[in-house]
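J.: Quick one: the structure is below, questions incoming.
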Amino acid sequence: MIHLLTVDWLLLLEKLILIVIVVMASLVIAMYETYAERKIAAFMQDRIGPNRAGPLGLLQPLADGGKLFFKEEIIPNHSNKILFILGPSLAMLTAMITSAVIPWSGDINLFGRTVSLQIADVNIGILYVFAVVSLGVYGIMIGGWSSNNKFSLLAALRGASQVISYELAMGLSLIAVLMITQTLSLKEIVEQQMASHWNILYQPLAFIIFFTCALAECNRTPFDLPEAESELNMGYHQEYSSMKLGFYLFAEYVNMFISSAIVVTLFFGGYDIPFLDEAAHADWGNWLALAGLVCFMLKIGFFIFLFMWIRWTVPRFRYDQLMDLGWKKLIPLALANMVITGAVILWMNK
Amino acid sequence: MTTLTDRAKPVNRKPMTFLESIYLWNIFLGMIITIKHFFKKKATVQYPEQTRSYSPVFRGVQILNRDEEGRERCTACGLCALACPAEAITMEAAERMPGEEHLYREEKYAAKYEINMLRCIFCGFCEEACPKDAIYLSETHAPPAYNRKNFIYNKKDLLIPDPVTQPEEYAQAKGLREISKKNK
């Protein structure tokens, strides 16, 4: 029997608050990613982008969100209603829960308690991320299938096969990293990088493969085949309207934020402040954690920018090119990288 | 093989090497191009606040001119209607009565003068045909309207404001060309 008094209620409260903050922050960041996307697209095409709603157009995401909310909600007659609603919910859910294992910054001291800025330091954190990411494709699959529309279904099939193909290369590229870190916990991976060098120095090839696969997992150009509007009208969310459509679009941006966070955590030192020895400045206390968080966010921001930069540079791959790249190029490269890393580690330890 | 021009370039049909086929380097080159555009001067004109001026030779909506004393110059000779390839101009002439000398410059004037803006092709032949310098094409376009009737411009729409009684409006209508030149 569990004694209620022995449960650390403050811990529960603290985690709950952290969850609310992380979820809200991801949503707000996703909102402003849409704004950034439009601005970056505009700037790269020699335009200015949205600048009418509020100063510099900063209220544009609110206007867009408000518009989506007030749109008519349409559920097609021949669709499977439960699945039709489940689709976008699942897409959003999987996008959000990945953030649970990301270490946002070091521990802080609040009212005499040491509060970890990570919702759950699971010792198999990276496996959890993989599990949730592969669940993410169900949002697309269910949405596309339940719409009872051939274009949606085609898009969903494309999405599913794409995610499955690229997950392989992603996992293989990661094994090389894990061989170096010897741990699956994201927090420990970050701490190791803080103590020595960022993993990008040891595993540049793994980073490139991982990042490419992250693009594919987020359905971002050049891998945006599930929503190739010129081929499939609109893709798996063609029959969706109002906020259900909004959820799909939003989930994509949340995914982008989270996968940037994971790339940074794995390869770019997470909340490590470059050129600063954190251990020597432990007396900074909470300020150090805050600086780490800001640093983390800046790195994430750079990767979000990179995502968008690539989107507005590269045209979409043809479907066979996509499969070619995934199976014939990335997987052999990742395998070679894995073998070489293993060999080098063995040789070093000898 | 001899080529037709010296600018012909042979197409490279070699199969891609492995490094080429993972596209990385070419994507990188492309990204450099887009980031250059990121910092370029933008071509946008913020429309309602800023307007781009029309070219000085722009042929816009017609204006019926007055002389310095504010009298209509048109004598309803019909040369503009004759010159009009789209047959957009109709007019009815009338004789000037005693006491109307301050309104019309000559003994004959246009009692009715209509241009159908849906037919007008803005060729400017009416301006060229007019012996009295009474009609010319301004530098503004015809505003949009909901029905066809509103596109038939009559004298009220076409006449330039009177320089004697409405000097400000006249200056504005007259000065459009100069102002638009200044904005450039």
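Going through the structure tokens in order, the chains are called A, B, and so on, while each chain numbers its residues from 1 and the ligands are numbered from 1 in the order shown.
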For chain A, work out the contacting residues on chain B at 12 Å, counting only C-alpha atoms, and write them as an mmCIF file with N, CA, C and O atoms, in the first residue's frame.
T.:
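Listing of selection-v7.cif after writing:
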data_model
loop_
_atom_site.group_PDB
_atom_site.id
_atom_site.type_symbol
_atom_site.label_atom_id
_atom_site.label_comp_id
_atom_site.auth_asym_id
_atom_site.auth_seq_id
_atom_site.Cartn_x
_atom_site.Cartn_y
_atom_site.Cartn_z
ATOM 1 N N THR B 17 27.758 10.508 -59.949
ATOM 2 C CA THR B 17 28.582 9.721 -59.036
ATOM 3 C C THR B 17 27.861 9.618 -57.703
ATOM 4 O O THR B 17 26.872 10.317 -57.472
ATOM 5 N N PHE B 18 28.375 8.789 -56.810
ATOM 6 C CA PHE B 18 27.704 8.606 -55.525
ATOM 7 C C PHE B 18 27.602 9.924 -54.759
ATOM 8 O O PHE B 18 26.554 10.270 -54.216
ATOM 9 N N LEU B 19 28.716 10.692 -54.771
ATOM 10 C CA LEU B 19 28.705 11.956 -54.025
ATOM 11 C C LEU B 19 27.696 12.928 -54.617
ATOM 12 O O LEU B 19 27.010 13.643 -53.884
ATOM 13 N N GLU B 20 27.588 12.935 -55.952
ATOM 14 C CA GLU B 20 26.607 13.827 -56.581
ATOM 15 C C GLU B 20 25.201 13.383 -56.241
ATOM 16 O O GLU B 20 24.311 14.199 -56.049
ATOM 17 N N SER B 21 25.024 12.044 -56.167
ATOM 18 C CA SER B 21 23.671 11.548 -56.009
ATOM 19 C C SER B 21 23.151 11.711 -54.589
ATOM 20 O O SER B 21 21.970 11.504 -54.351
ATOM 21 N N ILE B 22 24.000 12.099 -53.638
ATOM 22 C CA ILE B 22 23.413 12.451 -52.340
ATOM 23 C C ILE B 22 23.182 13.956 -52.247
ATOM 24 O O ILE B 22 22.779 14.468 -51.206
ATOM 25 N N TYR B 23 23.400 14.659 -53.343
ATOM 26 C CA TYR B 23 22.955 16.038 -53.545
ATOM 27 C C TYR B 23 23.529 17.060 -52.585
ATOM 28 O O TYR B 23 23.235 18.248 -52.696
ATOM 29 N N LEU B 24 24.320 16.653 -51.591
ATOM 30 C CA LEU B 24 24.665 17.586 -50.510
ATOM 31 C C LEU B 24 25.332 18.856 -51.016
ATOM 32 O O LEU B 24 24.921 19.964 -50.671
ATOM 33 N N ASN B 26 25.419 20.246 -53.948
ATOM 34 C CA ASN B 26 24.586 21.117 -54.771
ATOM 35 C C ASN B 26 23.514 21.816 -53.946
ATOM 36 O O ASN B 26 23.170 22.966 -54.219
ATOM 37 N N ILE B 27 23.024 21.113 -52.940
ATOM 38 C CA ILE B 27 22.055 21.771 -52.052
ATOM 39 C C ILE B 27 22.742 22.916 -51.321
ATOM 40 O O ILE B 27 22.191 24.009 -51.169
ATOM 41 N N PHE B 28 23.974 22.676 -50.912
ATOM 42 C CA PHE B 28 24.724 23.724 -50.223
ATOM 43 C C PHE B 28 24.894 24.946 -51.132
ATOM 44 O O PHE B 28 24.689 26.084 -50.707
ATOM 45 N N LEU B 29 25.227 24.707 -52.406
ATOM 46 C CA LEU B 29 25.377 25.828 -53.342
ATOM 47 C C LEU B 29 24.058 26.580 -53.483
ATOM 48 O O LEU B 29 24.031 27.813 -53.493
ATOM 49 N N GLY B 30 22.974 25.818 -53.566
ATOM 50 C CA GLY B 30 21.664 26.451 -53.670
ATOM 51 C C GLY B 30 21.345 27.286 -52.453
ATOM 52 O O GLY B 30 20.778 28.374 -52.556
ATOM 53 N N MET B 31 21.738 26.786 -51.280
ATOM 54 C CA MET B 31 21.440 27.524 -50.052
ATOM 55 C C MET B 31 22.225 28.827 -49.997
ATOM 56 O O MET B 31 21.753 29.817 -49.440
ATOM 57 N N ILE B 32 23.399 28.837 -50.600
ATOM 58 C CA ILE B 32 24.148 30.095 -50.634
ATOM 59 C C ILE B 32 23.414 31.115 -51.497
ATOM 60 O O ILE B 32 23.312 32.299 -51.147
ATOM 61 N N ILE B 33 22.825 30.645 -52.584
ATOM 62 C CA ILE B 33 22.073 31.567 -53.443
ATOM 63 C C ILE B 33 20.891 32.158 -52.677
ATOM 64 O O ILE B 33 20.667 33.367 -52.673
ATOM 65 N N THR B 34 20.143 31.291 -51.956
ATOM 66 C CA THR B 34 18.961 31.823 -51.265
ATOM 67 C C THR B 34 19.358 32.763 -50.131
ATOM 68 O O THR B 34 18.660 33.742 -49.889
ATOM 69 N N ILE B 35 20.459 32.464 -49.452
ATOM 70 C CA ILE B 35 20.820 33.357 -48.336
ATOM 71 C C ILE B 35 21.296 34.696 -48.875
ATOM 72 O O ILE B 35 21.127 35.730 -48.224
ATOM 73 N N LYS B 36 21.836 34.710 -50.072
ATOM 74 C CA LYS B 36 22.207 35.998 -50.682
ATOM 75 C C LYS B 36 20.953 36.828 -50.910
ATOM 76 O O LYS B 36 20.931 38.027 -50.646
ATOM 77 N N HIS B 37 19.903 36.155 -51.387
ATOM 78 C CA HIS B 37 18.653 36.887 -51.615
ATOM 79 C C HIS B 37 18.053 37.370 -50.306
ATOM 80 O O HIS B 37 17.366 38.382 -50.277
ATOM 81 N N PHE B 38 18.311 36.634 -49.233
ATOM 82 C CA PHE B 38 17.772 36.997 -47.924
ATOM 83 C C PHE B 38 18.180 38.424 -47.552
ATOM 84 O O PHE B 38 17.425 39.175 -46.962
ATOM 85 N N PHE B 39 19.412 38.794 -47.912
ATOM 86 C CA PHE B 39 19.910 40.110 -47.506
ATOM 87 C C PHE B 39 19.799 41.147 -48.614
ATOM 88 O O PHE B 39 20.276 42.255 -48.464
ATOM 89 N N LYS B 40 19.170 40.772 -49.706
ATOM 90 C CA LYS B 40 19.039 41.730 -50.806
ATOM 91 C C LYS B 40 17.968 42.768 -50.507
ATOM 92 O O LYS B 40 17.090 42.547 -49.673
ATOM 93 N N LYS B 41 18.036 43.872 -51.243
ATOM 94 C CA LYS B 41 16.998 44.889 -51.114
ATOM 95 C C LYS B 41 15.707 44.312 -51.686
ATOM 96 O O LYS B 41 15.723 43.671 -52.738
ATOM 97 N N LYS B 42 14.599 44.556 -50.967
ATOM 98 C CA LYS B 42 13.342 43.951 -51.389
ATOM 99 C C LYS B 42 12.662 44.793 -52.461
ATOM 100 O O LYS B 42 12.773 46.019 -52.465
ATOM 101 N N ALA B 43 11.954 44.117 -53.342
ATOM 102 C CA ALA B 43 11.336 44.817 -54.471
ATOM 103 C C ALA B 43 9.939 45.316 -54.143
ATOM 104 O O ALA B 43 9.302 45.974 -54.948
ATOM 105 N N THR B 44 9.451 45.009 -52.923
ATOM 106 C CA THR B 44 8.059 45.311 -52.585
ATOM 107 C C THR B 44 7.778 46.812 -52.554
ATOM 108 O O THR B 44 8.578 47.578 -52.049
ATOM 109 N N VAL B 45 6.630 47.201 -53.084
ATOM 110 C CA VAL B 45 6.117 48.563 -52.922
ATOM 111 C C VAL B 45 4.914 48.451 -52.007
ATOM 112 O O VAL B 45 3.992 47.687 -52.280
ATOM 113 N N GLN B 46 4.934 49.149 -50.879
ATOM 114 C CA GLN B 46 3.836 49.055 -49.911
ATOM 115 C C GLN B 46 2.636 49.785 -50.473
ATOM 116 O O GLN B 46 2.462 50.967 -50.217
ATOM 117 N N TYR B 47 1.753 49.086 -51.184
ATOM 118 C CA TYR B 47 0.852 49.743 -52.100
ATOM 119 C C TYR B 47 -0.002 50.897 -51.567
ATOM 120 O O TYR B 47 0.206 52.007 -52.030
ATOM 121 N N PRO B 48 -0.899 50.712 -50.619
ATOM 122 C CA PRO B 48 -1.763 51.883 -50.391
ATOM 123 C C PRO B 48 -0.971 53.105 -49.920
ATOM 124 O O PRO B 48 -1.339 54.230 -50.224
ATOM 125 N N GLU B 49 0.118 52.867 -49.181
ATOM 126 C CA GLU B 49 0.905 54.010 -48.696
ATOM 127 C C GLU B 49 1.832 54.541 -49.782
ATOM 128 O O GLU B 49 1.964 55.743 -49.950
#
J.: Using only C-alpha atoms, which residues sit within 9 Å of region 118-132 of chain A once same-chain residues fewer than 2 positions away are excluded, as a VMD selection string?
T.: chain A and resid 15 to 16 18 to 19 22 94 to 95 97 to 107 115 to 116 134 to 136 167 171 183 to 188 262
J.: Got a sec: who's within 10 Å of Lys112 (chain B), counting only C-alpha atoms, leaving out chain neighbours fewer than 2 positions off, as a compact mmCIF listing (two decimals) with all heavy atoms, in the first residue's frame?
T.:
# COMPACT_ATOMS: atom_id res chain seq x y z
N ALA B 76 -17.38 70.14 -80.31
CA ALA B 76 -18.20 69.03 -80.82
C ALA B 76 -18.02 68.84 -82.31
O ALA B 76 -18.98 68.66 -83.05
CB ALA B 76 -19.67 69.24 -80.45
N THR B 90 -19.36 59.21 -78.12
CA THR B 90 -20.57 59.76 -78.76
C THR B 90 -20.73 61.19 -78.28
O THR B 90 -20.37 61.50 -77.13
CB THR B 90 -21.85 59.00 -78.39
OG1 THR B 90 -21.78 58.70 -77.01
CG2 THR B 90 -22.04 57.76 -79.21
N MET B 91 -21.27 62.02 -79.13
CA MET B 91 -21.49 63.40 -78.68
C MET B 91 -22.67 64.01 -79.43
O MET B 91 -23.06 63.54 -80.50
CB MET B 91 -20.24 64.24 -78.91
CG MET B 91 -19.88 64.42 -80.37
SD MET B 91 -18.41 65.38 -80.52
CE MET B 91 -17.20 64.23 -80.02
N GLU B 92 -23.25 65.06 -78.82
CA GLU B 92 -24.29 65.84 -79.47
C GLU B 92 -23.87 67.28 -79.41
O GLU B 92 -23.49 67.76 -78.33
CB GLU B 92 -25.63 65.65 -78.76
CG GLU B 92 -26.41 64.45 -79.27
CD GLU B 92 -27.59 64.13 -78.38
OE1 GLU B 92 -28.07 65.05 -77.67
OE2 GLU B 92 -28.02 62.96 -78.40
N ALA B 93 -23.95 67.95 -80.54
CA ALA B 93 -23.53 69.35 -80.56
C ALA B 93 -24.71 70.25 -80.24
O ALA B 93 -25.87 69.89 -80.41
CB ALA B 93 -22.98 69.68 -81.94
N ALA B 94 -24.39 71.46 -79.75
CA ALA B 94 -25.44 72.45 -79.52
C ALA B 94 -24.85 73.82 -79.82
O ALA B 94 -23.62 73.99 -79.83
CB ALA B 94 -25.94 72.38 -78.08
N TYR B 109 -20.80 73.92 -79.08
CA TYR B 109 -20.21 73.15 -77.98
C TYR B 109 -20.87 71.77 -77.91
O TYR B 109 -21.85 71.51 -78.60
CB TYR B 109 -20.34 73.90 -76.65
CG TYR B 109 -21.76 73.97 -76.12
CD1 TYR B 109 -22.20 73.06 -75.15
CD2 TYR B 109 -22.65 74.94 -76.56
CE1 TYR B 109 -23.48 73.11 -74.66
CE2 TYR B 109 -23.93 75.00 -76.07
CZ TYR B 109 -24.34 74.09 -75.13
OH TYR B 109 -25.62 74.14 -74.65
N ALA B 110 -20.29 70.89 -77.09
CA ALA B 110 -20.86 69.55 -76.94
C ALA B 110 -21.86 69.57 -75.81
O ALA B 110 -21.51 69.77 -74.66
CB ALA B 110 -19.76 68.56 -76.62
N GLU B 114 -19.97 61.60 -74.32
CA GLU B 114 -19.85 60.36 -73.53
C GLU B 114 -18.74 59.49 -74.08
O GLU B 114 -18.59 59.34 -75.29
CB GLU B 114 -21.16 59.57 -73.58
CG GLU B 114 -22.25 60.19 -72.72
CD GLU B 114 -23.52 59.37 -72.76
OE1 GLU B 114 -23.62 58.42 -73.57
OE2 GLU B 114 -24.42 59.69 -71.98
N ASN B 154 -19.77 60.61 -68.68
CA ASN B 154 -20.34 61.75 -69.37
C ASN B 154 -19.50 63.00 -69.08
O ASN B 154 -18.43 62.91 -68.50
CB ASN B 154 -21.80 61.93 -68.97
CG ASN B 154 -21.95 62.00 -67.46
OD1 ASN B 154 -21.01 62.39 -66.78
ND2 ASN B 154 -23.10 61.60 -66.97
N LYS B 155 -20.05 64.12 -69.48
CA LYS B 155 -19.26 65.35 -69.35
C LYS B 155 -18.89 65.65 -67.91
O LYS B 155 -17.81 66.16 -67.61
CB LYS B 155 -20.05 66.52 -69.95
CG LYS B 155 -19.56 66.89 -71.33
CD LYS B 155 -20.39 67.96 -71.94
CE LYS B 155 -20.02 69.34 -71.41
NZ LYS B 155 -20.73 70.40 -72.18
N LYS B 156 -19.82 65.31 -67.03
CA LYS B 156 -19.57 65.58 -65.61
C LYS B 156 -18.31 64.85 -65.13
O LYS B 156 -17.51 65.38 -64.36
CB LYS B 156 -20.79 65.13 -64.80
CG LYS B 156 -20.86 65.77 -63.43
CD LYS B 156 -22.22 65.55 -62.84
CE LYS B 156 -22.30 64.44 -61.89
NZ LYS B 156 -22.47 63.12 -62.00
J.: DSSP on the backbone: what in region 58-176 of chain A comes out strand (DSSP E), as a PyMOL selection string?
T.: chain A and resi 108-110+113-115
J.: Please determine, counting only C-alpha atoms, which residue among B:Glu95, B:Glu68, B:Asp133, B:Glu101 has the shortest atom-to-atom distance to Val164 (chain B).
T.: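 Comparing B:Glu95, B:Glu68, B:Asp133, B:Glu101 against Val164 (chain B), the winner is B:Glu68.
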J.: Find the residues near Pro161 (chain B): any atom within 7 Å, counting only C-alpha atoms, skip ones fewer than 5 places away on the same chain, and give them as a PyMOL selection string.
T.: chain B and resi 166+169-170
J.: Dump N, CA, C and O atoms for the selected residues as a PDB file, in the first residue's frame?
T.:
ATOM      1  N   GLN B 166     -12.702  76.746 -59.201  1.00  0.00           N
ATOM      2  CA  GLN B 166     -12.113  75.689 -58.362  1.00  0.00           C
ATOM      3  C   GLN B 166     -10.609  75.580 -58.646  1.00  0.00           C
ATOM      4  O   GLN B 166     -10.151  74.589 -59.195  1.00  0.00           O
ATOM      5  N   GLU B 169      -8.689  72.291 -57.197  1.00  0.00           N
ATOM      6  CA  GLU B 169      -8.955  71.031 -57.874  1.00  0.00           C
ATOM      7  C   GLU B 169      -8.337  71.033 -59.266  1.00  0.00           C
ATOM      8  O   GLU B 169      -7.826  70.016 -59.734  1.00  0.00           O
ATOM      9  N   TYR B 170      -8.409  72.203 -59.886  1.00  0.00           N
ATOM     10  CA  TYR B 170      -7.840  72.324 -61.230  1.00  0.00           C
ATOM     11  C   TYR B 170      -6.332  72.081 -61.172  1.00  0.00           C
ATOM     12  O   TYR B 170      -5.781  71.313 -61.970  1.00  0.00           O
TER      13      TYR B 170
END
J.: Would you mind telling me which residue in A:Gln193, A:Asn219, A:Asn77, A:Asn109 lies nearest to Trp284 (chain A) when using only C-alpha atoms?
T.: A:Asn109
J.: Please determine, counting only C-alpha atoms, which residue among B:Ser53, B:Met97, B:Cys130, B:Glu107 has the shortest atom-to-atom distance to Leu82 (chain B).
T.: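 Between B:Ser53, B:Met97, B:Cys130, B:Glu107, the residue approaching Leu82 (chain B) most closely is B:Cys130.
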